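The file input_31.csv contains CSV, C-alpha atoms:
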chain,number,residue,atom,x,y,z
E,1,MET,CA,49.6,115.6,166.2
E,2,ASP,CA,47.7,113.0,168.2
E,3,LEU,CA,47.5,109.3,167.3
E,4,LEU,CA,43.9,109.4,166.2
E,5,THR,CA,44.7,112.1,163.6
E,6,VAL,CA,47.6,110.0,162.3
E,7,ALA,CA,45.5,106.9,162.1
E,8,SER,CA,42.8,108.7,160.1
E,9,PHE,CA,45.1,109.5,157.2
E,10,PRO,CA,44.9,106.0,155.6
E,11,VAL,CA,41.1,106.0,155.9
E,12,ILE,CA,40.9,109.5,154.3
E,13,LEU,CA,43.2,108.4,151.5
E,14,LEU,CA,41.1,105.2,150.9
E,15,GLY,CA,38.1,107.4,150.5
E,16,VAL,CA,39.7,110.3,148.5
E,17,LEU,CA,41.8,108.3,146.0
E,18,PRO,CA,38.9,106.3,144.4
E,19,LEU,CA,36.9,109.6,144.1
E,20,LEU,CA,39.9,111.2,142.4
E,21,TYR,CA,40.3,108.3,140.1
E,22,THR,CA,36.5,108.4,139.2
E,23,TYR,CA,36.9,112.1,138.3
E,24,THR,CA,40.0,111.3,136.2
E,25,SER,CA,38.2,108.5,134.4
E,26,ALA,CA,35.2,110.7,133.6
E,27,THR,CA,37.4,113.5,132.4
E,28,THR,CA,39.3,111.0,130.2
E,29,GLN,CA,36.1,109.7,128.6
E,30,ALA,CA,34.8,113.2,128.0
E,31,ARG,CA,37.9,115.0,126.8
E,32,PHE,CA,40.4,112.6,125.3
E,33,PRO,CA,40.1,111.8,121.6
E,34,THR,CA,38.8,108.4,120.7
E,35,LEU,CA,37.9,106.4,117.6
E,36,ARG,CA,34.5,106.7,116.0
E,37,ASN,CA,32.8,104.8,113.2
E,38,LYS,CA,35.9,102.6,112.6
E,39,ARG,CA,36.4,98.9,111.7
E,40,VAL,CA,38.7,97.8,114.5
E,41,CYS,CA,40.6,94.5,114.9
E,42,LEU,CA,42.1,93.5,118.2
E,43,LEU,CA,45.0,91.1,117.5
E,44,ILE,CA,45.8,88.8,120.4
E,45,ALA,CA,47.9,85.7,121.0
E,46,HIS,CA,45.8,83.7,123.4
E,47,PRO,CA,42.2,83.5,124.7
E,48,ASP,CA,42.0,85.7,127.8
E,49,ASP,CA,44.5,88.4,126.5
E,50,GLU,CA,41.4,90.5,125.6
E,51,ALA,CA,40.2,90.5,129.2
E,52,MET,CA,43.5,90.5,131.1
E,53,PHE,CA,45.2,93.2,129.0
E,54,PHE,CA,42.8,95.0,126.7
E,55,ALA,CA,39.4,95.1,128.5
E,56,PRO,CA,39.4,99.0,129.1
E,57,THR,CA,40.1,99.5,125.4
E,58,VAL,CA,37.5,97.1,124.2
E,59,LEU,CA,34.9,98.5,126.5
E,60,ALA,CA,35.6,102.0,125.3
E,61,LEU,CA,35.6,101.2,121.6
E,62,THR,CA,32.3,99.2,121.9
E,63,ARG,CA,30.3,102.0,123.3
E,64,PRO,CA,27.1,101.9,121.3
E,65,GLU,CA,27.4,105.7,120.5
E,66,SER,CA,30.9,105.2,119.1
E,67,GLY,CA,29.7,103.5,115.9
E,68,ASN,CA,32.8,101.3,115.9
E,69,HIS,CA,32.7,97.6,114.7
E,70,VAL,CA,35.2,95.7,116.9
E,71,LYS,CA,36.5,92.2,116.0
E,72,ILE,CA,39.0,90.0,117.8
E,73,LEU,CA,41.5,87.9,115.9
E,74,CYS,CA,43.3,85.4,118.2
E,75,LEU,CA,46.2,83.5,116.6
E,76,SER,CA,46.2,80.5,118.9
E,77,THR,CA,43.7,78.5,120.9
E,78,GLY,CA,45.9,78.5,124.0
E,79,ASN,CA,46.2,74.8,123.8
E,80,ALA,CA,49.4,74.4,125.9
E,81,ASP,CA,47.4,72.4,128.5
E,82,GLY,CA,45.1,70.6,126.1
E,83,LEU,CA,42.2,73.0,126.7
E,84,GLY,CA,42.1,74.6,123.2
E,85,GLU,CA,38.4,74.0,122.4
E,86,THR,CA,37.3,75.1,125.8
E,87,ARG,CA,39.3,78.3,125.6
E,88,LYS,CA,37.9,79.1,122.2
E,89,ARG,CA,34.4,79.0,123.7
E,90,GLU,CA,35.5,81.1,126.7
E,91,LEU,CA,37.0,83.8,124.4
E,92,VAL,CA,33.7,84.1,122.6
E,93,LYS,CA,31.8,84.5,125.9
E,94,SER,CA,34.3,87.0,127.2
E,95,ALA,CA,34.1,89.1,123.9
E,96,MET,CA,30.3,89.3,124.2
E,97,LEU,CA,30.6,90.5,127.9
E,98,LEU,CA,33.0,93.1,126.7
E,99,GLY,CA,30.5,94.5,124.1
E,100,LEU,CA,31.3,92.9,120.7
E,101,ARG,CA,28.3,92.8,118.4
E,102,SER,CA,28.3,89.1,117.5
E,103,GLU,CA,30.0,85.8,118.2
E,104,ASP,CA,31.0,85.9,114.5
E,105,ASP,CA,33.2,88.9,115.3
E,106,VAL,CA,35.6,86.5,117.1
E,107,LEU,CA,38.1,84.4,115.0
E,108,VAL,CA,40.4,82.0,116.7
E,109,LEU,CA,43.1,80.2,114.7
E,110,ASP,CA,44.7,76.8,115.4
E,111,SER,CA,47.8,76.7,113.3
E,112,PRO,CA,51.2,75.0,113.8
E,113,ASP,CA,52.7,78.4,112.8
E,114,PHE,CA,51.5,79.9,116.0
E,115,PRO,CA,51.9,77.5,118.9
E,116,ASP,CA,51.0,78.6,122.4
E,117,SER,CA,54.5,78.6,124.0
E,118,MET,CA,56.5,80.6,126.4
E,119,THR,CA,59.7,79.8,124.4
E,120,THR,CA,58.5,80.3,120.8
E,121,THR,CA,58.8,83.4,118.7
E,122,TRP,CA,56.3,83.5,115.9
E,123,LYS,CA,57.6,84.6,112.5
E,124,SER,CA,56.7,88.1,111.5
E,125,ASP,CA,56.3,87.3,107.8
E,126,ARG,CA,53.8,84.6,108.6
E,127,ILE,CA,51.7,86.9,110.8
E,128,SER,CA,51.9,89.6,108.1
E,129,ALA,CA,50.8,87.1,105.4
E,130,LEU,CA,47.9,86.0,107.6
E,131,LEU,CA,46.7,89.5,108.2
E,132,ARG,CA,47.1,90.3,104.5
E,133,SER,CA,45.0,87.3,103.5
E,134,VAL,CA,42.2,88.2,106.0
E,135,PHE,CA,42.2,92.0,105.6
E,136,ALA,CA,43.8,92.8,102.3
E,137,PRO,CA,43.6,89.8,99.9
E,138,ARG,CA,43.8,91.9,96.8
E,139,LEU,CA,46.7,94.0,97.8
E,140,PHE,CA,49.2,92.7,95.2
E,141,ALA,CA,46.6,92.8,92.4
E,142,SER,CA,45.8,96.5,92.8
E,143,PRO,CA,47.5,99.0,90.4
E,144,ARG,CA,50.5,100.9,91.7
E,145,ASP,CA,48.8,104.2,91.2
E,146,GLU,CA,45.8,103.3,93.3
E,147,PRO,CA,45.8,103.7,97.1
E,148,PRO,CA,46.1,100.6,99.2
E,149,THR,CA,42.8,99.3,100.8
E,150,ALA,CA,42.0,97.0,103.6
E,151,GLY,CA,39.0,95.5,105.3
E,152,ILE,CA,39.8,97.3,108.6
E,153,ASP,CA,40.7,100.8,109.6
E,154,VAL,CA,42.5,100.1,112.9
E,155,LEU,CA,44.6,97.3,114.2
E,156,ILE,CA,45.4,97.0,118.0
E,157,THR,CA,47.9,94.7,119.6
E,158,PHE,CA,50.8,94.6,122.1
E,159,ASP,CA,53.9,96.7,121.9
E,160,ASP,CA,57.5,95.5,121.6
E,161,SER,CA,57.6,94.4,125.2
E,162,GLY,CA,54.4,92.5,125.2
E,163,VAL,CA,53.3,93.8,128.7
E,164,SER,CA,54.5,90.5,130.2
E,165,SER,CA,57.5,89.9,127.9
E,166,HIS,CA,55.7,86.8,126.5
E,167,PRO,CA,57.4,86.0,123.1
E,168,ASN,CA,54.0,85.3,121.5
E,169,HIS,CA,52.8,88.8,122.5
E,170,ILE,CA,56.0,90.5,121.2
E,171,SER,CA,55.7,88.5,117.9
E,172,LEU,CA,52.3,90.1,117.3
E,173,TYR,CA,53.9,93.6,117.4
E,174,HIS,CA,56.5,92.7,114.8
E,175,GLY,CA,54.1,90.9,112.6
E,176,ALA,CA,51.6,93.8,112.7
E,177,ARG,CA,54.3,96.3,111.8
E,178,THR,CA,55.4,94.1,108.9
E,179,PHE,CA,51.8,93.9,107.7
E,180,ILE,CA,51.5,97.8,107.7
E,181,SER,CA,54.8,98.1,105.9
E,182,THR,CA,53.6,95.6,103.3
E,183,LEU,CA,50.5,97.6,102.7
E,184,LEU,CA,52.6,100.6,101.9
E,185,ARG,CA,55.2,98.8,99.8
E,186,GLY,CA,55.1,100.0,96.2
E,187,LYS,CA,52.6,102.7,97.1
E,188,PRO,CA,54.6,105.9,97.4
E,189,GLY,CA,52.7,109.0,98.6
E,190,TRP,CA,49.7,107.1,100.0
E,191,ALA,CA,48.9,106.9,103.7
E,192,SER,CA,48.3,103.4,105.2
E,193,PRO,CA,44.6,102.4,105.1
E,194,VAL,CA,45.2,100.8,108.5
E,195,ASP,CA,46.4,102.6,111.7
E,196,LEU,CA,48.3,100.5,114.2
E,197,TYR,CA,48.0,101.1,117.9
E,198,THR,CA,50.0,99.3,120.5
E,199,LEU,CA,49.4,98.8,124.2
E,200,THR,CA,52.0,100.5,126.3
E,201,SER,CA,54.0,98.2,128.6
E,202,VAL,CA,54.9,99.6,132.0
E,203,GLY,CA,57.4,98.6,134.8
E,204,LEU,CA,56.7,96.0,137.5
E,205,LEU,CA,55.6,98.5,140.2
E,206,ARG,CA,53.2,100.4,137.9
E,207,LYS,CA,51.8,97.1,136.6
E,208,TYR,CA,50.5,96.1,140.0
E,209,VAL,CA,49.1,99.3,141.6
E,210,GLY,CA,45.7,99.1,140.0
E,211,PHE,CA,43.8,102.4,139.6
E,212,PHE,CA,46.6,104.2,141.5
E,213,ASP,CA,48.5,104.3,138.2
E,214,ALA,CA,46.0,106.8,136.7
E,215,CYS,CA,48.0,110.0,137.6
E,216,THR,CA,51.3,108.4,136.4
E,217,THR,CA,49.6,107.3,133.1
E,218,MET,CA,48.3,110.8,132.5
E,219,ALA,CA,51.7,112.4,133.3
E,220,ALA,CA,53.5,109.9,131.0
E,221,VAL,CA,51.1,110.8,128.1
E,222,LEU,CA,51.7,114.5,128.7
E,223,PHE,CA,55.4,114.0,128.9
E,224,ARG,CA,55.4,112.4,125.4
E,225,GLY,CA,54.3,115.9,124.2
E,226,GLU,CA,53.9,116.3,120.4
E,227,THR,CA,54.5,112.6,119.8
E,228,ALA,CA,51.4,111.8,121.8
E,229,ARG,CA,49.3,114.4,119.9
E,230,ARG,CA,50.6,113.6,116.4
E,231,GLN,CA,47.7,112.2,114.3
E,232,SER,CA,47.8,109.6,111.7
E,233,GLY,CA,47.5,110.3,108.0
E,234,ARG,CA,43.8,109.4,108.4
E,235,GLY,CA,43.3,111.9,111.2
E,236,ASN,CA,43.1,109.4,114.0
E,237,PRO,CA,44.6,110.4,117.4
E,238,GLY,CA,48.2,109.8,118.4
E,239,THR,CA,47.2,108.3,121.8
E,240,LEU,CA,44.2,106.4,123.0
E,241,VAL,CA,43.6,106.4,126.8
E,242,SER,CA,40.9,104.3,128.4
E,243,MET,CA,40.1,104.4,132.1
E,244,SER,CA,37.2,102.2,133.2
E,245,LEU,CA,35.0,103.1,136.2
E,246,LEU,CA,35.7,101.2,139.4
E,247,PHE,CA,32.0,100.5,140.1
E,248,GLY,CA,28.8,100.3,138.2
E,249,GLY,CA,27.9,100.6,134.5
E,250,ARG,CA,28.9,98.7,131.4
E,251,GLU,CA,32.3,100.3,131.1
E,252,SER,CA,33.7,99.3,134.5
E,253,TYR,CA,36.2,97.2,136.3
E,254,GLY,CA,33.4,94.8,137.2
E,255,THR,CA,32.7,94.0,133.6
E,256,ALA,CA,36.4,93.3,133.0
E,257,ARG,CA,36.5,91.1,136.1
E,258,ARG,CA,33.5,89.1,134.9
E,259,ALA,CA,35.1,88.6,131.5
E,260,MET,CA,37.8,86.7,133.3
E,261,THR,CA,36.0,85.0,136.2
E,262,GLN,CA,32.8,84.1,134.4
E,263,ALA,CA,34.0,83.5,130.9
E,264,HIS,CA,37.6,82.2,131.3
E,265,GLN,CA,36.9,79.8,134.1
E,266,SER,CA,39.4,77.2,133.0
E,267,GLN,CA,42.2,79.8,133.6
E,268,MET,CA,41.1,80.9,137.1
E,269,VAL,CA,44.1,79.6,139.0
E,270,TRP,CA,45.3,81.4,142.1
E,271,PHE,CA,47.7,83.9,140.5
E,272,ARG,CA,45.1,85.1,138.0
E,273,TRP,CA,43.1,86.4,141.0
E,274,GLY,CA,46.2,88.4,142.0
E,275,TRP,CA,46.3,89.9,138.5
E,276,ILE,CA,42.5,90.7,138.6
E,277,LEU,CA,42.8,92.4,141.9
E,278,THR,CA,46.0,94.4,141.4
E,279,SER,CA,46.8,95.0,137.7
E,280,ARG,CA,46.3,98.4,136.2
E,281,TYR,CA,45.5,96.8,132.9
E,282,MET,CA,42.2,95.7,134.3
E,283,VAL,CA,41.1,99.4,134.5
E,284,ILE,CA,43.7,101.5,132.5
E,285,ASN,CA,45.0,101.2,129.0
E,286,ASP,CA,47.1,103.7,127.0
E,287,LEU,CA,47.8,102.9,123.4
E,288,ARG,CA,50.3,104.6,121.1
E,289,LEU,CA,49.9,105.2,117.4
E,290,GLU,CA,52.7,103.6,115.5
E,291,HIS,CA,54.3,105.7,112.8
E,292,PHE,CA,55.8,104.5,109.6
E,293,LYS,CA,58.1,106.0,107.0
E,294,VAL,CA,56.4,106.2,103.7
Written as C-alpha cells, how would this file's structure read?
Amino acid sequence: MDLLTVASFPVILLGVLPLLYTYTSATTQARFPTLRNKRVCLLIAHPDDEAMFFAPTVLALTRPESGNHVKILCLSTGNADGLGETRKRELVKSAMLLGLRSEDDVLVLDSPDFPDSMTTTWKSDRISALLRSVFAPRLFASPRDEPPTAGIDVLITFDDSGVSSHPNHISLYHGARTFISTLLRGKPGWASPVDLYTLTSVGLLRKYVGFFDACTTMAAVLFRGETARRQSGRGNPGTLVSMSLLFGGRESYGTARRAMTQAHQSQMVWFRWGWILTSRYMVINDLRLEHFKV
C-alpha cells in the first residue's frame, strides 16, 4: 500500500462520515416516533441551557407540522455574574431562534429559592410546588375519583446526572419527579396527565465527539430494548431521538449555533466555543421517558 493511498483515508473519512450522519439524521426524523399536538414545557436551570443542551429537541418539537406548543420555564436568571436581566433577554431571543411561537412562551424566574450556583442543590419539594402552582393549581381541590389534570402534556428536563453534573441541573430532575409523583398521589388507577422525559447524560469521550456520536447513540437506544419502546399510559413513545442536520434548513446545527452565538452573547467566552464546536448535544439529543409506580 503506497503512501498516497494511506494519506487518502482521512480525506475519504471526512467526506463519508458527514454523509453517513446526514442519512442517519434523515432516517431518525422519518422513522422514530415523536410527539405531536402536545403542550410541552422545557424545564431548565439557566438561560443558555436550552441552546447548549436541548437545541435538537426544541428544533424537532417546534416543527410547524408537529402541532406542538412548546414553552420554556427557566428557574433562575443566571445572575451569578450580575447579568441576570441581560440573560433573560438573551433567553427569549434564543427561544425565538429555536422555533417557539411567542416571547410569552418563555418564563424566567428570579427567586431566592433557586440561586445560580455551582455548589447549591435546589430543594425538590420547592421545585415541585412551583410546577404545581403553574401547571396544576387545582390539583388538591379535585375529587379523589376524578383523574388528575394539568396545563401541560409533557415535561422535559435533565436526567439525574445533569449532563455536566451541575447541581442545579440535577435538582430539576428530582423536582420534576416529585411533581409527577404529587400529581398521582391519592389518584389510584389513573395515569399521570404529564409525561416526563429526561435528557440522557453520556461520558466525557462521547460528549465531545460531535456528530460522530450518532451511531453510538443509536446502538445505545437499541440496547435498551423493551425499555426504550415502552410507551407511557398516554401512548407517548418511550424514547425521543433528535438529530439535527449539519448544514442548511431550520432544524440544523447552524440554528443551534446561532442560538448561542447571536442570542447568548454575554456568555460567549472561549470555552463556550469549544462546546459549540465539539459537543454532541449541539446536534444529538436522546430523551428517556421516566416511569412511575402508580
I want to know what sits within 12 Å of Gly186 of chain E, based on only C-alpha atoms, with residues of the same chain fewer than 3 positions away left out; could you give that as a short mmCIF file (atom, residue, chain, number, x, y, z; two decimals) with C-alpha atoms, keeping the file's coordinate frame?
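Generated output (result-v9.cif):
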data_model
loop_
_atom_site.label_atom_id
_atom_site.label_comp_id
_atom_site.auth_asym_id
_atom_site.auth_seq_id
_atom_site.Cartn_x
_atom_site.Cartn_y
_atom_site.Cartn_z
CA LEU E 139 46.70 94.00 97.80
CA PHE E 140 49.20 92.70 95.20
CA ALA E 141 46.60 92.80 92.40
CA SER E 142 45.80 96.50 92.80
CA PRO E 143 47.50 99.00 90.40
CA ARG E 144 50.50 100.90 91.70
CA ASP E 145 48.80 104.20 91.20
CA GLU E 146 45.80 103.30 93.30
CA PRO E 147 45.80 103.70 97.10
CA PRO E 148 46.10 100.60 99.20
CA SER E 181 54.80 98.10 105.90
CA THR E 182 53.60 95.60 103.30
CA LEU E 183 50.50 97.60 102.70
CA GLY E 189 52.70 109.00 98.60
CA TRP E 190 49.70 107.10 100.00
CA ALA E 191 48.90 106.90 103.70
CA SER E 192 48.30 103.40 105.20
CA VAL E 294 56.40 106.20 103.70
#
Do you know which residues are at most 12 Å from segment 208-219 of chain E counting all atoms listed in the file, after dropping those on the same chain fewer than 4 positions away, and could you put them as a VMD selection string? chain E and resid 13 to 14 16 to 28 32 56 163 to 164 200 to 204 223 to 225 228 239 to 247 252 to 253 274 to 287
Check the smallest atom-to-atom distance from each of E:Arg206, E:Lys71, E:Lys187, E:His169 to Phe53 of chain E using only C-alpha atoms, then report the winner.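 Of E:Arg206, E:Lys71, E:Lys187, E:His169, the one nearest Phe53 of chain E is E:His169, counting only C-alpha atoms.
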E:Pro47, E:Gly254, E:Gly162, E:Pro33 ranked by distance to Lys93 of chain E, top pick (using only C-alpha atoms):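 Of E:Pro47, E:Gly254, E:Gly162, E:Pro33, the one nearest Lys93 of chain E is E:Pro47, counting only C-alpha atoms.
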Test item: residues at most 7 Å from segment 174-177 of chain E, only C-alpha atoms, excluding those fewer than 6 positions along its chain, as a VMD selection string: chain E and resid 124 to 125 127 to 128
Using only C-alpha atoms, can you tell me which of E:Leu107, E:Ile156, E:Ile170, E:Leu98 comes closest to Leu199 of chain E?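 Once distances to Leu199 of chain E are computed over only C-alpha atoms, the minimum belongs to E:Ile156.
Atom CA of Glu50 of chain E to atom CA of Arg87 of chain E spans 12.4 Å [interatomic distance, one decimal].
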Just give me the gap between atom CA of Ala45 of chain E and atom CA of Leu172 of chain E in Å, one decimal is fine.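 That distance, rounded to one decimal, is 7.2 Å.
Around Ala150 of chain E, within 10 Å and counting all atoms listed in the file, the residues found are E:Leu131, E:Arg132, E:Val134, E:Phe135, E:Ala136, E:Pro137, E:Arg138, E:Leu139, E:Leu183, E:Ser192, E:Pro193, E:Val194, once anything fewer than 6 positions away on its own chain is removed.
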Kindly provide, as an MDAnalysis selection string, the polymer residues lying within 9 Å of (51.3, 83.3, 125.0), counting all atoms listed in the file and using the coordinates exactly as they appear in the file. chainID E and resid 45:46 49 76 78 115:118 120 166:169
Using only C-alpha atoms for the distances, tell me which of E:Leu205, E:Leu100, E:Ala60, E:Leu196 is nearest to Thr157 of chain E. E:Leu196
Which protein, DNA or RNA residues have an atom at most 9 Å from (40.2, 95.9, 118.4), counting only C-alpha atoms? List them as number ranges by chain. E: 39-43, 54, 57-58, 61, 69-73, 154-157
Compare E:Ile180, E:Leu130, E:Leu109, E:Ala256 by their minimum atom-to-atom distance to Asn79 of chain E, counting only C-alpha atoms, and give me the closest one. E:Leu109
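Computed from the coordinates, the atom CA of Ser232 of chain E to atom CA of Gln29 of chain E distance equals 20.6 Å.
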